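These notes are about the structure you will find just below.
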2 protein chains.
Amino acid sequence: MQVVRVALGERSYPIHIGSNLIGDAGLYGRHAQGRRVAVVSNNVVAPLHLERVRQALTQAGAQSVPVLVEDGEQAKSWQTLDRVMDALLAARLGRDSLIVALGGGVVGDLAGFAAAVYQRGIPFIQVPTTLLAQVDSSVGGKTAINHARGKNMVGAFHQPLAVIADVATLDTLPERELRAGIAEVIKHGFVLDLPFVAWLEENIAKLLARDRAALEYAVQRSCELKAQVVAADEREAGQRAVLNFGHTFGHAIEAGAGYGAWLHGEAVATGMVMAAELSARAGTLSRGEAERVKALIGRAGLPVRGPNLGMRRYLELMQVDKKAAAGRVRFILLDGLGRATLRGDLDESLVRESIAAALQ
Amino acid sequence: MQVVRVALGERSYPIHIGSNLIGDAGLYGRHAQGRRVAVVSNNVVAPLHLERVRQALTQAGAQSVPVLVEDGEQAKSWQTLDRVMDALLAARLGRDSLIVALGGGVVGDLAGFAAAVYQRGIPFIQVPTTLLAQVDSSVGGKTAINHARGKNMVGAFHQPLAVIADVATLDTLPERELRAGIAEVIKHGFVLDLPFVAWLEENIAKLLARDRAALEYAVQRSCELKAQVVAADEREAGQRAVLNFGHTFGHAIEAGAGYGAWLHGEAVATGMVMAAELSARAGTLSRGEAERVKALIGRAGLPVRGPNLGMRRYLELMQVDKKAAAGRVRFILLDGLGRATLRGDLDESLVRESIAAALQ
């Protein structure tokens, strides 16, 4: 088992990475002992893992109740959040109780936000069961639900007490979701670590074949890279924004295609192709480097072209992106592979061209 | 103008207390300059004060949009919060924008919570226009909406950048709301400051007559007292709970009577009578002191008897109170006048007797 520590002062926490960890009572330990615990999960993940988690919690001395939500992005809604609140209140969870988020990014975002606002905040532990959640939402404390006008528009920064990233849970992950997770792994390389890009170019086939050692390393390195950025900028005032590489375009694709039609990682993958194209057109990335971005994404079995929503719709959807400062859209560009930069001064024509170059 | 500073490290902020402050551009100053600002208010307060606030914001260099919600406790709902979010998104407010909460406690709680969760948190300034909001919600950063199963069950700790408490706005406050505010002022004396109790016993008539100097002092002293407690315990882990004196009973009264039937301050007033009675029965307060509590509340024109909901309903409603630790209701008792203590070991029969002694 590897442990990556996210250093955030009194909000610091460990990410435990390894195989067959979710049933390890010691990892819940003192966080759970003597407490009431709500295990928030969905009806796809629960049949696979819920009982093992609840047994571990019982062993750790906790009293647990399951709270199940529907599968998919639509669970990140007011309605579902309200139902979770209702279940927590019905189970008489007090302020000294704990939430365990068992599932992918949707469950993590929803349950994490529920923990952030239930009775003005209670602690939570994340048990991510998708690759995407293990490398992305497990680091940084971002929680949120969606709004009709945009994704993740309502949320909070709420750090977990601990993360338990069990790569054995990835055995049952659908192929498409595995690839979507690889998109975020690759992203960490593109914006932060050229040697990791090279490692990925060599090991992409192993990751797709779910080689456990390769997965553990990919999760560990991704978490380390993201943890460094988050430690320096917890609330995304500056540096942390680089982690949104591909996300401005990606959010537009997700929202435009209708939430759920594209997986987040797929949309980000295509968004990265567009952002690399934009970087090349803005002169911060060579044409060869932009092709290398596109090639790795393609080899991971991820889409390199976006849906044809119409240019106006793309620009409109990007406008409501959270990175818009005083109404102006800012983009994260690659400044060479392994380095990113935030730019708010780009000509709209470059943005249009970059989208047009990567449409289906 | 008096300034009370709430000391919370990097989240410290000033409370400006005086007359005719809401139109003072200098008080919004750098917080507002160059920003988009949403002024959240309701349809009762807006006609009285909105234009002056927006003019001051314009003078301070901000671009403001009004966001109006309905008057009354029912505005602390998912539905209204969602509408506020929608208005903020429609006005294209980015993460670098600001919310100004103009109104009483409901507007402050709702707009503050909106600020806490909009795009994972943006700053806000509170402009409380009721006595209750000036002495209570302006200190401590508690924000929340209600849930069908209990009041303030969904919320966040989110400190404002500044509070502008203008006692001139109390001129138009309905009599009943003035008294409800006095309930919280009195509470600060009961739990924290015996000399302030004596001052209140002498000056209660002046407060009811809206003597401006008396109001300024009452607001200032209340804010100072509350600020000391909050500075020592921002997230209500321990000491801060004493500020909930009367609230466990009060919340039950509010919820049981139907939100809105009783004003929060009225319910807290009666709750304090019940809690003083409980203190007397538990032996931490003399019978004479308990009578002094009841007498001051009565002289303030506040109710000293609660609605007859039935004993079972009272106990049930108190059970979901946030101060319930591991399912057990804890009470704040007076340990003599001017001092409070938290007790979780009380016999239920004492609680029943204390409620019964103060029913209509």
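Just remember, in the structure tokens the first chain shown is A, the second B, etc., residues are 1-based per chain, and ligands are 1-based in the order shown.
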Legend entry - Distance filter 10 Å, only C-alpha atoms, chain A against chain B, as a VMD selection string: chain A and resid 34 to 36 78 to 79 81 to 82 85 to 86 89 to 97 113 to 121 142 to 145 147 to 158 235 237 319 to 329
Inset, instruction - Identify, on the basis of only C-alpha atoms, every residue whose closest approach to Arg30 in chain A does not exceed 10 Å; exclude the query and any residue fewer than 3 positions from it along the same chain; express the result as a ChimeraX atom specification. - result: /A:25-27,33-35,60-62
Inset, instruction - Can you work out which one of B:Gln63, B:Thr341, B:Thr130, B:Ser19 has the shortest atom-to-atom distance to Leu173 in chain B, counting only C-alpha atoms? - result: B:Thr130
Legend entry - Selection near Gly310 in chain A, 10 Å with only C-alpha atoms, sequence-local residues under 2 positions removed, as number ranges by chain: A: 256, 307-308, 312-315, 355-356, 359
Legend entry - DSSP strand (DSSP E or B) residues within range 151-201 of chain B, as a PyMOL selection string: chain B and resi 151-157+162-166
Residues as selected, N, CA and C atoms, written as a compact mmCIF listing (two decimals), in the first residue's frame, can you do that?
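Final output, part.txt:
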# COMPACT_ATOMS: atom_id res chain seq x y z
N LYS B 151 -35.08 23.14 11.23
CA LYS B 151 -34.60 24.45 10.84
C LYS B 151 -33.07 24.45 10.70
N ASN B 152 -32.57 25.20 9.75
CA ASN B 152 -31.12 25.39 9.58
C ASN B 152 -30.34 24.08 9.45
N MET B 153 -30.98 23.08 8.89
CA MET B 153 -30.32 21.77 8.81
C MET B 153 -29.32 21.69 7.66
N VAL B 154 -29.43 22.61 6.72
CA VAL B 154 -28.50 22.62 5.58
C VAL B 154 -27.84 23.99 5.54
N GLY B 155 -26.53 24.02 5.68
CA GLY B 155 -25.88 25.33 5.73
C GLY B 155 -24.38 25.24 5.73
N ALA B 156 -23.76 26.36 6.07
CA ALA B 156 -22.29 26.43 6.06
C ALA B 156 -21.83 27.51 7.02
N PHE B 157 -20.60 27.39 7.49
CA PHE B 157 -19.96 28.51 8.16
C PHE B 157 -19.25 29.31 7.08
N ALA B 162 -17.46 41.96 5.70
CA ALA B 162 -17.78 43.07 6.60
C ALA B 162 -19.28 43.05 6.88
N VAL B 163 -19.66 43.68 8.00
CA VAL B 163 -21.07 43.84 8.32
C VAL B 163 -21.34 45.33 8.50
N ILE B 164 -22.43 45.80 7.94
CA ILE B 164 -22.82 47.21 8.09
C ILE B 164 -24.15 47.22 8.83
N ALA B 165 -24.08 47.50 10.15
CA ALA B 165 -25.28 47.47 10.99
C ALA B 165 -25.74 48.91 11.23
N ASP B 166 -26.76 49.30 10.49
CA ASP B 166 -27.25 50.67 10.50
C ASP B 166 -28.52 50.73 11.35
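Residue nearest Glu175 in chain B within the list B:Ala275, B:Ala209, B:Ala261, B:Val304: B:Ala209 [criterion: smallest interatomic distance, only C-alpha atoms].
Residue nearest Ser354 in chain A, chosen from A:Pro47, A:Gly9, A:Gly108, A:Gly306 and counting only C-alpha atoms: A:Gly306.
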Inset, instruction - Can you pull out every residue within 10 Å of Leu278 in chain B, counting only C-alpha atoms, but drop anything in the same chain fewer than 5 positions away, and send it as a list in words? - result: Met272, Val273, Gly283, Thr284, Leu285, Ala290, Phe331, Ile332, Leu333, Leu334, Leu346, Leu350, Val351, Arg352, Glu353, Ser354, Ile355 and Ala357 of chain B
Inset, instruction - Run DSSP on the backbone of this structure and report the residues of range 82-247 of chain B it assigns to helix (DSSP H, G or I), as a ChimeraX atom specification. - result: /B:82-90,105-117,131-137,167-172,175-192,194-208,212-232,239-244,247
Legend entry - Which residue of B:Leu317, B:Leu194, B:Ala213, B:Ser349 approaches Gly250 in chain B most closely, using only C-alpha atoms: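 Among B:Leu317, B:Leu194, B:Ala213, B:Ser349, it is B:Leu317 that comes nearest to Gly250 in chain B.
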Inset, instruction - Could you jot down the CA of Asp109 in chain B to CA of Val84 in chain B separation for me, Å, one decimal place? - result: 12.7 Å
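Closest approach to Ile182 in chain A among A:Ser138, A:Leu225, A:Leu302, A:Ser77: A:Leu302, based on only C-alpha atoms.
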Inset, instruction - One decimal, Å: what's the distance from CA of Gly18 in chain B over to CA of Leu178 in chain B, could you say? - result: 16.8 Å
Inset, instruction - Go ahead and compute the interatomic distance for CA of Ala183 in chain A and CA of Ala7 in chain A, in Å to one decimal. - result: 24.8 Å
Legend entry - Option closest in space to Glu316 in chain A, from A:Arg281, A:Pro303, A:Gly260, A:Thr248 [counting only C-alpha atoms]: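 When distances to Glu316 in chain A are compared using only C-alpha atoms, the smallest one comes from A:Thr248.
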Inset, instruction - Quick one: everything within 12 Å of Leu200 in chain A, counting only C-alpha atoms, minus sequence neighbours fewer than 5 positions away in the same chain. Send it as an MDAnalysis selection string. - result: chainID A and resid 182:190 193:195 205:208 214:215 217:219 221:222 292:293 295:297 299:300
Inset, instruction - Name the residues in contact with Val242 in chain B at a cut-off of 9 Å, using only C-alpha atoms, excluding same-chain residues fewer than 4 positions from it; report them as a PyMOL selection string. - result: chain B and resi 191-192+229+238+332-333+339-342
Deliver the residues from the most recent selection as a file, using N, CA and C atoms, as an mmCIF file, in the first residue's frame.
data_model
loop_
_atom_site.group_PDB
_atom_site.id
_atom_site.type_symbol
_atom_site.label_atom_id
_atom_site.label_comp_id
_atom_site.auth_asym_id
_atom_site.auth_seq_id
_atom_site.Cartn_x
_atom_site.Cartn_y
_atom_site.Cartn_z
ATOM 1 N N VAL B 191 -26.339 34.719 29.137
ATOM 2 C CA VAL B 191 -25.320 33.662 29.081
ATOM 3 C C VAL B 191 -23.902 34.177 29.284
ATOM 4 N N LEU B 192 -23.688 35.492 29.159
ATOM 5 C CA LEU B 192 -22.299 35.968 29.126
ATOM 6 C C LEU B 192 -21.967 37.147 30.023
ATOM 7 N N VAL B 229 -17.053 34.969 21.890
ATOM 8 C CA VAL B 229 -17.355 33.538 21.898
ATOM 9 C C VAL B 229 -16.984 32.904 20.567
ATOM 10 N N GLY B 238 -17.559 23.737 20.926
ATOM 11 C CA GLY B 238 -17.816 23.684 22.353
ATOM 12 C C GLY B 238 -18.457 24.960 22.871
ATOM 13 N N ILE B 332 -28.421 23.803 27.023
ATOM 14 C CA ILE B 332 -27.616 24.855 27.603
ATOM 15 C C ILE B 332 -28.380 25.398 28.801
ATOM 16 N N LEU B 333 -27.750 25.297 29.952
ATOM 17 C CA LEU B 333 -28.369 25.782 31.190
ATOM 18 C C LEU B 333 -27.660 27.050 31.652
ATOM 19 N N ARG B 339 -23.788 33.389 32.995
ATOM 20 C CA ARG B 339 -22.907 32.247 32.764
ATOM 21 C C ARG B 339 -23.713 31.038 32.326
ATOM 22 N N ALA B 340 -23.203 30.319 31.298
ATOM 23 C CA ALA B 340 -23.955 29.178 30.773
ATOM 24 C C ALA B 340 -23.107 27.921 30.790
ATOM 25 N N THR B 341 -23.789 26.794 30.735
ATOM 26 C CA THR B 341 -23.094 25.513 30.733
ATOM 27 C C THR B 341 -23.874 24.514 29.898
ATOM 28 N N LEU B 342 -23.163 23.596 29.260
ATOM 29 C CA LEU B 342 -23.788 22.615 28.372
ATOM 30 C C LEU B 342 -23.973 21.297 29.122
#
Legend entry - Neighbour list for range 48-57 of chain A as a count of residues only, cut-off 8 Å, only C-alpha atoms, skip fewer than 5 positions in-chain: 12
